[in-house]
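Participant: This is my_file.cif, which holds mmCIF, C-alpha atoms, pLDDT in the B column; chains and numbers go by the auth columns:
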data_my_file
loop_
_atom_site.group_PDB
_atom_site.id
_atom_site.type_symbol
_atom_site.label_atom_id
_atom_site.label_comp_id
_atom_site.label_asym_id
_atom_site.label_seq_id
_atom_site.Cartn_x
_atom_site.Cartn_y
_atom_site.Cartn_z
_atom_site.B_iso_or_equiv
_atom_site.auth_seq_id
_atom_site.auth_asym_id
ATOM 1 C CA MET A 1 17.455 100.546 79.555 97.00 175 A
ATOM 2 C CA LYS A 2 17.079 97.347 77.586 98.00 176 A
ATOM 3 C CA PHE A 3 19.787 94.690 77.914 98.00 177 A
ATOM 4 C CA ALA A 4 20.376 91.590 75.818 98.00 178 A
ATOM 5 C CA VAL A 5 22.312 89.189 78.043 98.00 179 A
ATOM 6 C CA ILE A 6 23.893 86.538 75.839 98.00 180 A
ATOM 7 C CA GLY A 7 24.678 83.479 77.925 97.00 181 A
ATOM 8 C CA GLY A 8 22.000 84.796 80.233 97.00 182 A
ATOM 9 C CA THR A 9 20.978 81.433 81.681 96.00 183 A
ATOM 10 C CA GLY A 10 24.393 80.493 83.120 95.00 184 A
ATOM 11 C CA LEU A 11 25.979 80.981 86.545 96.00 185 A
ATOM 12 C CA ILE A 12 26.831 84.658 86.023 98.00 186 A
ATOM 13 C CA GLY A 13 24.302 85.499 83.334 98.00 187 A
ATOM 14 C CA SER A 14 21.228 84.466 85.302 98.00 188 A
ATOM 15 C CA GLN A 15 22.340 86.614 88.241 98.00 189 A
ATOM 16 C CA VAL A 16 23.117 89.595 85.991 98.00 190 A
ATOM 17 C CA VAL A 17 19.636 89.365 84.466 98.00 191 A
ATOM 18 C CA ALA A 18 18.057 89.231 87.917 98.00 192 A
ATOM 19 C CA GLN A 19 20.051 92.203 89.196 97.00 193 A
ATOM 20 C CA LEU A 20 19.354 94.388 86.168 98.00 194 A
ATOM 21 C CA ASN A 21 15.640 93.620 86.269 98.00 195 A
ATOM 22 C CA ALA A 22 15.543 94.305 90.015 97.00 196 A
ATOM 23 C CA ALA A 23 17.089 97.718 89.287 96.00 197 A
ATOM 24 C CA GLY A 24 14.198 98.548 86.973 97.00 198 A
ATOM 25 C CA HIS A 25 15.794 97.750 83.621 98.00 199 A
ATOM 26 C CA GLU A 26 14.589 95.265 81.018 98.00 200 A
ATOM 27 C CA ALA A 27 17.146 92.458 80.810 98.00 201 A
ATOM 28 C CA VAL A 28 16.393 89.506 78.537 98.00 202 A
ATOM 29 C CA PRO A 29 18.426 86.268 78.780 98.00 203 A
ATOM 30 C CA HIS A 30 19.491 84.579 75.552 98.00 204 A
ATOM 31 C CA ALA A 31 21.207 81.209 75.130 97.00 205 A
ATOM 32 C CA LEU A 32 21.146 78.070 73.006 95.00 206 A
ATOM 33 C CA SER A 33 18.123 76.974 75.036 95.00 207 A
ATOM 34 C CA THR A 34 16.231 80.097 73.907 96.00 208 A
ATOM 35 C CA GLY A 35 17.157 79.623 70.240 96.00 209 A
ATOM 36 C CA VAL A 36 20.203 81.902 70.076 97.00 210 A
ATOM 37 C CA ASP A 37 23.402 80.380 68.654 97.00 211 A
ATOM 38 C CA VAL A 38 26.462 82.649 68.693 98.00 212 A
ATOM 39 C CA ILE A 39 28.396 80.317 66.374 97.00 213 A
ATOM 40 C CA SER A 40 25.855 79.824 63.588 97.00 214 A
ATOM 41 C CA GLY A 41 24.355 83.268 64.172 97.00 215 A
ATOM 42 C CA GLN A 42 20.839 81.845 64.500 97.00 216 A
ATOM 43 C CA GLY A 43 18.556 84.191 66.438 97.00 217 A
ATOM 44 C CA LEU A 44 21.237 86.833 67.087 97.00 218 A
ATOM 45 C CA ASP A 45 19.688 89.699 65.125 97.00 219 A
ATOM 46 C CA ASP A 46 16.359 89.307 66.904 97.00 220 A
ATOM 47 C CA ALA A 47 18.054 88.910 70.296 97.00 221 A
ATOM 48 C CA VAL A 48 19.909 92.222 70.144 97.00 222 A
ATOM 49 C CA ALA A 49 17.371 94.258 68.168 95.00 223 A
ATOM 50 C CA GLY A 50 16.314 97.274 70.191 95.00 224 A
ATOM 51 C CA ALA A 51 18.809 96.632 72.987 98.00 225 A
ATOM 52 C CA ASP A 52 20.785 99.521 74.402 98.00 226 A
ATOM 53 C CA VAL A 53 23.437 97.180 75.803 98.00 227 A
ATOM 54 C CA VAL A 54 24.690 93.703 74.934 98.00 228 A
ATOM 55 C CA VAL A 55 26.312 91.735 77.757 98.00 229 A
ATOM 56 C CA ASN A 56 28.159 88.731 76.351 98.00 230 A
ATOM 57 C CA LEU A 57 28.685 86.024 78.978 98.00 231 A
ATOM 58 C CA THR A 58 28.965 83.050 76.645 97.00 232 A
ATOM 59 C CA ASN A 59 31.901 80.722 77.164 95.00 233 A
ATOM 60 C CA SER A 60 33.846 78.253 75.086 94.00 234 A
ATOM 61 C CA PRO A 61 32.712 74.650 75.649 91.00 235 A
ATOM 62 C CA THR A 62 36.387 73.641 75.996 89.00 236 A
ATOM 63 C CA PHE A 63 39.534 75.173 77.508 86.00 237 A
ATOM 64 C CA ASP A 64 41.850 73.753 74.830 90.00 238 A
ATOM 65 C CA GLU A 65 43.140 74.809 71.422 92.00 239 A
ATOM 66 C CA ALA A 66 39.571 74.942 70.083 94.00 240 A
ATOM 67 C CA SER A 67 38.669 77.886 72.331 95.00 241 A
ATOM 68 C CA PRO A 68 40.165 80.689 70.174 96.00 242 A
ATOM 69 C CA ALA A 69 37.944 79.709 67.251 97.00 243 A
ATOM 70 C CA PHE A 70 34.875 79.856 69.502 97.00 244 A
ATOM 71 C CA PHE A 71 35.636 83.355 70.741 98.00 245 A
ATOM 72 C CA ARG A 72 36.575 84.683 67.297 97.00 246 A
ATOM 73 C CA THR A 73 33.413 83.429 65.611 98.00 247 A
ATOM 74 C CA SER A 74 31.067 84.320 68.461 98.00 248 A
ATOM 75 C CA MET A 75 32.443 87.844 68.842 98.00 249 A
ATOM 76 C CA GLU A 76 32.401 88.572 65.122 97.00 250 A
ATOM 77 C CA ASN A 77 28.791 87.375 64.884 98.00 251 A
ATOM 78 C CA LEU A 78 27.702 89.285 67.987 98.00 252 A
ATOM 79 C CA LEU A 79 29.411 92.527 67.007 98.00 253 A
ATOM 80 C CA ALA A 80 27.883 92.404 63.524 97.00 254 A
ATOM 81 C CA ALA A 81 24.409 91.865 64.990 98.00 255 A
ATOM 82 C CA ALA A 82 24.963 94.575 67.611 98.00 256 A
ATOM 83 C CA LYS A 83 26.040 97.116 64.992 97.00 257 A
ATOM 84 C CA LYS A 84 23.021 96.289 62.844 97.00 258 A
ATOM 85 C CA GLY A 85 20.740 96.595 65.878 96.00 259 A
ATOM 86 C CA GLY A 86 22.076 99.984 66.993 96.00 260 A
ATOM 87 C CA VAL A 87 23.547 98.730 70.278 98.00 261 A
ATOM 88 C CA ARG A 88 25.407 101.491 72.140 98.00 262 A
ATOM 89 C CA HIS A 89 27.438 99.509 74.697 98.00 263 A
ATOM 90 C CA PHE A 90 28.989 96.014 74.563 98.00 264 A
ATOM 91 C CA VAL A 91 30.221 94.319 77.754 98.00 265 A
ATOM 92 C CA ILE A 92 32.233 91.131 78.228 98.00 266 A
ATOM 93 C CA LEU A 93 33.569 89.273 81.263 98.00 267 A
ATOM 94 C CA SER A 94 37.245 88.305 81.226 98.00 268 A
ATOM 95 C CA ILE A 95 39.940 87.239 83.702 98.00 269 A
ATOM 96 C CA VAL A 96 42.371 89.204 85.870 98.00 270 A
ATOM 97 C CA GLY A 97 45.895 88.607 84.543 97.00 271 A
ATOM 98 C CA VAL A 98 44.608 86.947 81.380 97.00 272 A
ATOM 99 C CA ASP A 99 47.283 88.571 79.220 96.00 273 A
ATOM 100 C CA GLN A 100 50.060 87.329 81.518 95.00 274 A
ATOM 101 C CA VAL A 101 49.592 83.591 80.892 94.00 275 A
ATOM 102 C CA PRO A 102 50.232 83.031 77.157 92.00 276 A
ATOM 103 C CA GLU A 103 51.029 79.361 77.835 91.00 277 A
ATOM 104 C CA LEU A 104 47.334 78.587 78.332 92.00 278 A
ATOM 105 C CA ASP A 105 45.182 78.150 75.196 94.00 279 A
ATOM 106 C CA TYR A 106 42.057 79.376 76.982 94.00 280 A
ATOM 107 C CA TYR A 107 43.715 82.523 78.326 95.00 281 A
ATOM 108 C CA ARG A 108 45.070 83.359 74.867 96.00 282 A
ATOM 109 C CA ALA A 109 41.531 82.862 73.566 97.00 283 A
ATOM 110 C CA LYS A 110 40.130 85.327 76.111 97.00 284 A
ATOM 111 C CA VAL A 111 42.788 87.888 75.134 98.00 285 A
ATOM 112 C CA LEU A 112 41.663 87.399 71.534 97.00 286 A
ATOM 113 C CA GLN A 113 38.084 88.052 72.612 98.00 287 A
ATOM 114 C CA GLU A 114 39.148 91.283 74.329 98.00 288 A
ATOM 115 C CA ASP A 115 41.151 92.403 71.290 98.00 289 A
ATOM 116 C CA ILE A 116 38.247 91.778 68.899 98.00 290 A
ATOM 117 C CA LEU A 117 35.959 93.829 71.135 98.00 291 A
ATOM 118 C CA LYS A 118 38.465 96.702 71.384 98.00 292 A
ATOM 119 C CA ALA A 119 38.836 96.806 67.599 97.00 293 A
ATOM 120 C CA GLY A 120 35.100 96.546 66.991 96.00 294 A
ATOM 121 C CA PRO A 121 32.509 99.204 66.131 96.00 295 A
ATOM 122 C CA ILE A 122 30.668 99.357 69.489 97.00 296 A
ATOM 123 C CA PRO A 123 31.699 101.331 72.613 98.00 297 A
ATOM 124 C CA TYR A 124 32.759 98.703 75.132 98.00 298 A
ATOM 125 C CA SER A 125 33.573 97.713 78.697 98.00 299 A
ATOM 126 C CA ILE A 126 35.626 94.724 79.864 98.00 300 A
ATOM 127 C CA VAL A 127 35.152 93.385 83.391 98.00 301 A
ATOM 128 C CA ARG A 128 38.063 91.191 84.486 98.00 302 A
ATOM 129 C CA ALA A 129 37.425 88.973 87.513 98.00 303 A
ATOM 130 C CA THR A 130 39.612 86.637 89.536 98.00 304 A
ATOM 131 C CA GLN A 131 38.785 82.926 89.920 97.00 305 A
ATOM 132 C CA PHE A 132 35.210 82.124 91.002 97.00 306 A
ATOM 133 C CA MET A 133 34.740 80.490 94.397 97.00 307 A
ATOM 134 C CA GLU A 134 32.186 78.207 92.751 96.00 308 A
ATOM 135 C CA PHE A 135 34.915 76.671 90.572 95.00 309 A
ATOM 136 C CA ILE A 136 37.282 75.511 93.337 95.00 310 A
ATOM 137 C CA ASP A 137 35.706 72.046 93.511 93.00 311 A
ATOM 138 C CA ALA A 138 36.091 71.661 89.749 93.00 312 A
ATOM 139 C CA VAL A 139 39.725 72.773 89.912 94.00 313 A
ATOM 140 C CA MET A 140 40.404 70.093 92.524 95.00 314 A
ATOM 141 C CA SER A 141 38.632 67.439 90.466 94.00 315 A
ATOM 142 C CA TRP A 142 41.052 67.956 87.570 92.00 316 A
ATOM 143 C CA THR A 143 43.984 66.572 89.580 94.00 317 A
ATOM 144 C CA ALA A 144 42.241 64.285 92.066 95.00 318 A
ATOM 145 C CA ASP A 145 43.438 60.698 92.216 93.00 319 A
ATOM 146 C CA GLY A 146 42.115 58.377 94.887 92.00 320 A
ATOM 147 C CA ASP A 147 42.807 59.867 98.301 95.00 321 A
ATOM 148 C CA THR A 148 44.955 62.757 97.077 96.00 322 A
ATOM 149 C CA VAL A 149 44.435 66.030 95.254 97.00 323 A
ATOM 150 C CA ARG A 150 47.500 67.572 93.641 97.00 324 A
ATOM 151 C CA LEU A 151 47.530 71.375 93.533 97.00 325 A
ATOM 152 C CA PRO A 152 50.198 74.021 92.915 97.00 326 A
ATOM 153 C CA ALA A 153 50.777 76.871 95.355 97.00 327 A
ATOM 154 C CA THR A 154 49.681 79.404 92.738 97.00 328 A
ATOM 155 C CA PRO A 155 48.341 82.565 94.428 98.00 329 A
ATOM 156 C CA ILE A 156 44.663 83.198 93.646 97.00 330 A
ATOM 157 C CA GLN A 157 42.116 85.706 94.934 98.00 331 A
ATOM 158 C CA PRO A 158 38.743 83.921 94.800 98.00 332 A
ATOM 159 C CA ILE A 159 35.551 85.905 94.248 98.00 333 A
ATOM 160 C CA ALA A 160 31.920 84.862 94.721 98.00 334 A
ATOM 161 C CA SER A 161 29.835 84.701 91.551 98.00 335 A
ATOM 162 C CA LYS A 162 27.204 86.972 93.100 98.00 336 A
ATOM 163 C CA ASP A 163 29.863 89.679 93.480 98.00 337 A
ATOM 164 C CA VAL A 164 30.977 89.181 89.870 98.00 338 A
ATOM 165 C CA ALA A 165 27.387 89.483 88.661 98.00 339 A
ATOM 166 C CA ARG A 166 26.860 92.657 90.662 98.00 340 A
ATOM 167 C CA ALA A 167 29.951 94.257 89.133 98.00 341 A
ATOM 168 C CA VAL A 168 28.987 93.232 85.595 98.00 342 A
ATOM 169 C CA ALA A 169 25.473 94.624 86.056 98.00 343 A
ATOM 170 C CA GLU A 170 26.811 97.920 87.430 98.00 344 A
ATOM 171 C CA VAL A 171 29.303 98.344 84.584 98.00 345 A
ATOM 172 C CA ALA A 172 26.678 97.406 81.990 98.00 346 A
ATOM 173 C CA ALA A 173 24.276 100.029 83.334 98.00 347 A
ATOM 174 C CA GLY A 174 26.932 102.745 83.208 98.00 348 A
ATOM 175 C CA ALA A 175 28.690 104.570 80.401 98.00 349 A
ATOM 176 C CA PRO A 176 31.117 102.507 78.276 98.00 350 A
ATOM 177 C CA LEU A 177 34.537 102.400 79.929 98.00 351 A
ATOM 178 C CA GLN A 178 36.548 101.966 76.729 98.00 352 A
ATOM 179 C CA GLY A 179 38.791 99.995 79.041 97.00 353 A
ATOM 180 C CA VAL A 180 39.014 97.367 81.778 98.00 354 A
ATOM 181 C CA HIS A 181 37.501 97.182 85.265 98.00 355 A
ATOM 182 C CA ASN A 182 39.248 94.655 87.542 98.00 356 A
ATOM 183 C CA ILE A 183 37.376 92.952 90.380 98.00 357 A
ATOM 184 C CA ALA A 184 38.718 90.471 92.921 98.00 358 A
ATOM 185 C CA GLY A 185 37.912 88.735 96.165 98.00 359 A
ATOM 186 C CA PRO A 186 39.096 90.254 99.447 98.00 360 A
ATOM 187 C CA GLU A 187 41.699 87.567 100.273 98.00 361 A
ATOM 188 C CA ILE A 188 44.656 85.928 98.550 98.00 362 A
ATOM 189 C CA PHE A 189 45.361 82.220 99.072 98.00 363 A
ATOM 190 C CA ALA A 190 47.852 79.717 97.732 98.00 364 A
ATOM 191 C CA LEU A 191 45.727 77.316 95.684 98.00 365 A
ATOM 192 C CA ASP A 192 46.974 74.253 97.571 97.00 366 A
ATOM 193 C CA GLU A 193 46.041 75.858 100.889 97.00 367 A
ATOM 194 C CA LEU A 194 42.634 76.815 99.527 97.00 368 A
ATOM 195 C CA GLY A 195 42.152 73.169 98.612 97.00 369 A
ATOM 196 C CA ARG A 196 42.948 72.110 102.183 97.00 370 A
ATOM 197 C CA ILE A 197 40.504 74.671 103.602 97.00 371 A
ATOM 198 C CA THR A 198 37.786 73.437 101.242 97.00 372 A
ATOM 199 C CA LEU A 199 38.296 69.747 101.991 97.00 373 A
ATOM 200 C CA ALA A 200 38.361 70.394 105.735 96.00 374 A
ATOM 201 C CA HIS A 201 35.081 72.320 105.558 96.00 375 A
ATOM 202 C CA HIS A 202 33.411 69.438 103.725 95.00 376 A
ATOM 203 C CA ALA A 203 34.925 66.849 106.103 96.00 377 A
ATOM 204 C CA ASP A 204 36.543 65.338 103.015 94.00 378 A
ATOM 205 C CA GLY A 205 39.324 63.004 104.080 94.00 379 A
ATOM 206 C CA ARG A 206 41.449 63.433 100.986 96.00 380 A
ATOM 207 C CA THR A 207 44.904 64.988 101.275 97.00 381 A
ATOM 208 C CA VAL A 208 46.188 67.901 99.231 97.00 382 A
ATOM 209 C CA VAL A 209 49.692 67.317 97.881 97.00 383 A
ATOM 210 C CA THR A 210 51.548 70.417 96.725 97.00 384 A
ATOM 211 C CA ASP A 211 52.645 69.869 93.124 97.00 385 A
ATOM 212 C CA PRO A 212 53.994 72.919 91.262 96.00 386 A
ATOM 213 C CA ALA A 213 53.122 71.384 87.887 94.00 387 A
ATOM 214 C CA ALA A 214 49.619 70.107 88.644 95.00 388 A
ATOM 215 C CA GLY A 215 46.657 71.111 86.518 91.00 389 A
ATOM 216 C CA MET A 216 46.000 74.218 84.482 90.00 390 A
ATOM 217 C CA PHE A 217 47.210 76.556 87.213 94.00 391 A
ATOM 218 C CA GLY A 218 50.569 74.821 87.389 93.00 392 A
ATOM 219 C CA THR A 219 51.411 76.767 84.238 90.00 393 A
ATOM 220 C CA VAL A 220 50.880 80.123 85.940 94.00 394 A
ATOM 221 C CA LYS A 221 54.008 81.869 87.154 91.00 395 A
ATOM 222 C CA GLY A 222 54.013 84.307 90.067 93.00 396 A
ATOM 223 C CA ASP A 223 50.990 86.205 91.314 95.00 397 A
ATOM 224 C CA VAL A 224 49.565 87.383 87.963 97.00 398 A
ATOM 225 C CA LEU A 225 46.085 86.018 88.784 97.00 399 A
ATOM 226 C CA THR A 226 45.755 88.365 91.760 98.00 400 A
ATOM 227 C CA ASP A 227 45.323 92.130 91.914 97.00 401 A
ATOM 228 C CA GLU A 228 45.341 93.930 95.254 93.00 402 A
ATOM 229 C CA ASP A 229 44.552 97.192 93.421 96.00 403 A
ATOM 230 C CA ALA A 230 41.354 95.778 91.913 97.00 404 A
ATOM 231 C CA HIS A 231 37.908 96.673 93.215 98.00 405 A
ATOM 232 C CA LEU A 232 37.631 94.234 96.129 98.00 406 A
ATOM 233 C CA ALA A 233 34.355 92.380 96.570 98.00 407 A
ATOM 234 C CA PRO A 234 32.997 91.845 100.102 98.00 408 A
ATOM 235 C CA THR A 235 32.459 88.070 100.277 98.00 409 A
ATOM 236 C CA ARG A 236 35.183 86.132 102.112 98.00 410 A
ATOM 237 C CA TYR A 237 35.795 82.501 101.252 98.00 411 A
ATOM 238 C CA ALA A 238 34.961 81.173 104.738 97.00 412 A
ATOM 239 C CA ASP A 239 31.642 83.031 104.651 97.00 413 A
ATOM 240 C CA TRP A 240 30.886 81.698 101.178 97.00 414 A
ATOM 241 C CA LEU A 241 31.639 78.135 102.307 96.00 415 A
ATOM 242 C CA SER A 242 29.297 78.424 105.247 93.00 416 A
#
Take the structure I supplied and represent it as structure tokens, if you would.

Facilitator:
Amino acid sequence: MKFAVIGGTGLIGSQVVAQLNAAGHEAVPHALSTGVDVISGQGLDDAVAGADVVVNLTNSPTFDEASPAFFRTSMENLLAAAKKGGVRHFVILSIVGVDQVPELDYYRAKVLQEDILKAGPIPYSIVRATQFMEFIDAVMSWTADGDTVRLPATPIQPIASKDVARAVAEVAAGAPLQGVHNIAGPEIFALDELGRITLAHHADGRTVVTDPAAGMFGTVKGDVLTDEDAHLAPTRYADWLS
């Protein structure tokens, strides 16, 4: 099959392209750097023309109140181009528990993206993943101050990006789900404890201070970002670190 992978040069997209091509498909990466702009619509028609499947892995440049506008415009442009191009399956990547955290602008924006896809003209699949292992350092940087890093004890279930990419590629190559496929890492950690494990591995002398209100994840209540019933990926955090 032929795949148009929008956002195909990023962390997940580049791995999805590689996996699909290794499986014998034709997967073409598209991004701003290749002349495809999901906001202006430039290059979209040509990017999706002749594709059996569109995989949209683009992301909002911000996590704030501007993110809903990005997802609305990009999805409307992509769906219009996909319909015109005869695309038969449209796949997006979302977040486990995304509809359970309405306090966060970015999570509301991702729910909007899902809703636009569900209401659109193309058969679809939504892959929801837990937090990427690759993002833990960034999460700590948001609330780092001198020798301390403030983190809440929010439960998370980190997953390696390679496992996310594998799941997205498998779903994209299959029949449209007309629903959601949840994937998660094999272990659940409190975020503050995960920060301590990460700093210890890197011989980083900073101290993690548990702060229930710290950072974006301080807004999250309960264990909504975890899912023990999801398809569990194989990579453990300690193995990923090493």

Participant: Using the chain letters and numbers from the file, give me the residues hit by the PyMOL selection byres ((chain A and resi 176-178) around 6), as a PyMOL selection string.

Facilitator: chain A and resi 175+179+200-202+222+225-228

Participant: Selection in question (the file shown): the PyMOL selection byres ((chain A and resi 254-256) around 8). Which residues does it include, as a list of chain:residue names?

Facilitator: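 On this input, the PyMOL selection byres ((chain A and resi 254-256) around 8) captures A:Leu218, A:Asp219, A:Val222, A:Ala223, A:Val228, A:Glu250, A:Asn251, A:Leu252, A:Leu253, A:Lys257, A:Lys258, A:Gly259, A:Gly260, A:Val261, A:Ile296.
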
Participant: Given the file shown, determine the residues that the PyMOL selection byres ((chain A and resi 336) around 10) selects; report them as an MDAnalysis selection string.

Facilitator: chainID A and resid 185:186 189:190 193 306 333:335 337:342 407 409

Participant: Closest to Val394 in chain A among A:Asp366, A:Asp413, A:Asp289, A:Glu277, using all atoms listed in the file?

Facilitator: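 That would be A:Glu277, the residue with the smallest distance to Val394 in chain A.
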
Participant: CA of Pro332 in chain A and CA of Ile362 in chain A, how far apart in Å?

Facilitator: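 Between CA of Ile362 in chain A and CA of Pro332 in chain A the gap is 7.3 Å.
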
Participant: Can you pull out every residue within 10 Å of range 307-316 of chain A, counting all atoms listed in the file, but drop anything in the same chain fewer than 5 positions away, and send it as a ChimeraX atom specification?

Facilitator: /A:185,322-325,331-335,359,365-366,368-369,372-373,382,388-391,409-411,414-415

Participant: Closest to Ser268 in chain A among A:Tyr298, A:Phe244, A:Phe363, A:Tyr281, using all atoms listed in the file?

Facilitator: A:Tyr281

Participant: Quick one: pull the distance between CA of Leu231 in chain A and CA of His204 in chain A, Å, one decimal.

Facilitator: 9.9 Å

Participant: Have a look at A:Pro360, A:Leu194, A:Ser248, A:Thr236 and name the one nearest to Val212 in chain A; count only C-alpha atoms.

Facilitator: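 Selected residue with least distance to Val212 in chain A: A:Ser248.
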
Participant: Tell me, in Å to one decimal, how far CA of Thr384 in chain A is from CA of Ser416 in chain A.

Facilitator: 25.1 Å

Participant: Might you pull out every residue within 10 Å of Asp238 in chain A, with only C-alpha atoms counted and same-chain residues fewer than 2 positions away left off, and present them as a count of residues only?

Facilitator: 11

Participant: Please determine, counting all atoms listed in the file, which residue among A:Ile290, A:Val275, A:Ile266, A:Val383 has the shortest atom-to-atom distance to Asp397 in chain A.

Facilitator: A:Val275

Participant: Have a look at A:Thr317, A:Gln287, A:Thr400, A:Thr247 and name the one nearest to Asp385 in chain A; count only C-alpha atoms.

Facilitator: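 Checking each of A:Thr317, A:Gln287, A:Thr400, A:Thr247 against Asp385 in chain A, counting only C-alpha atoms, the winner is A:Thr317.
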
Participant: Using all atoms listed in the file, find the one residue out of A:Ala327, A:Ala374, A:Leu291, A:Leu267 that sits nearest to Asn356 in chain A.

Facilitator: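 Of the candidates, the smallest distance to Asn356 in chain A is held by A:Leu267.
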
Participant: For range 254-261 of chain A, supply all heavy atoms and format the output as a compact mmCIF listing (two decimals), in the coordinates of the input.

Facilitator:
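Final file, rebuild_25.txt:
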# COMPACT_ATOMS: atom_id res chain seq x y z
N ALA A 254 28.61 92.08 64.75
CA ALA A 254 27.88 92.40 63.52
C ALA A 254 26.40 92.61 63.83
O ALA A 254 25.77 93.57 63.33
CB ALA A 254 28.08 91.31 62.48
N ALA A 255 25.82 91.74 64.63
CA ALA A 255 24.41 91.86 64.99
C ALA A 255 24.18 93.11 65.83
O ALA A 255 23.17 93.82 65.65
CB ALA A 255 23.95 90.62 65.75
N ALA A 256 25.11 93.41 66.75
CA ALA A 256 24.96 94.58 67.61
C ALA A 256 25.03 95.87 66.79
O ALA A 256 24.26 96.82 67.04
CB ALA A 256 26.05 94.57 68.69
N LYS A 257 25.94 95.93 65.84
CA LYS A 257 26.04 97.12 64.99
C LYS A 257 24.76 97.31 64.19
O LYS A 257 24.21 98.42 64.11
CB LYS A 257 27.25 97.00 64.06
CG LYS A 257 27.45 98.23 63.19
CD LYS A 257 28.66 98.07 62.28
CE LYS A 257 28.83 99.32 61.41
NZ LYS A 257 29.99 99.19 60.49
N LYS A 258 24.25 96.23 63.62
CA LYS A 258 23.02 96.29 62.84
C LYS A 258 21.85 96.73 63.72
O LYS A 258 20.95 97.46 63.27
CB LYS A 258 22.73 94.92 62.23
CG LYS A 258 21.55 94.89 61.28
CD LYS A 258 21.21 93.46 60.85
CE LYS A 258 22.40 92.77 60.21
NZ LYS A 258 22.03 91.40 59.74
N GLY A 259 21.85 96.30 64.98
CA GLY A 259 20.74 96.60 65.88
C GLY A 259 20.84 97.92 66.59
O GLY A 259 19.97 98.26 67.40
N GLY A 260 21.93 98.67 66.37
CA GLY A 260 22.08 99.98 66.99
C GLY A 260 22.47 99.95 68.45
O GLY A 260 22.23 100.90 69.20
N VAL A 261 23.10 98.87 68.88
CA VAL A 261 23.55 98.73 70.28
C VAL A 261 24.59 99.80 70.59
O VAL A 261 25.49 100.07 69.78
CB VAL A 261 24.12 97.32 70.51
CG1 VAL A 261 24.78 97.20 71.88
CG2 VAL A 261 23.01 96.28 70.37
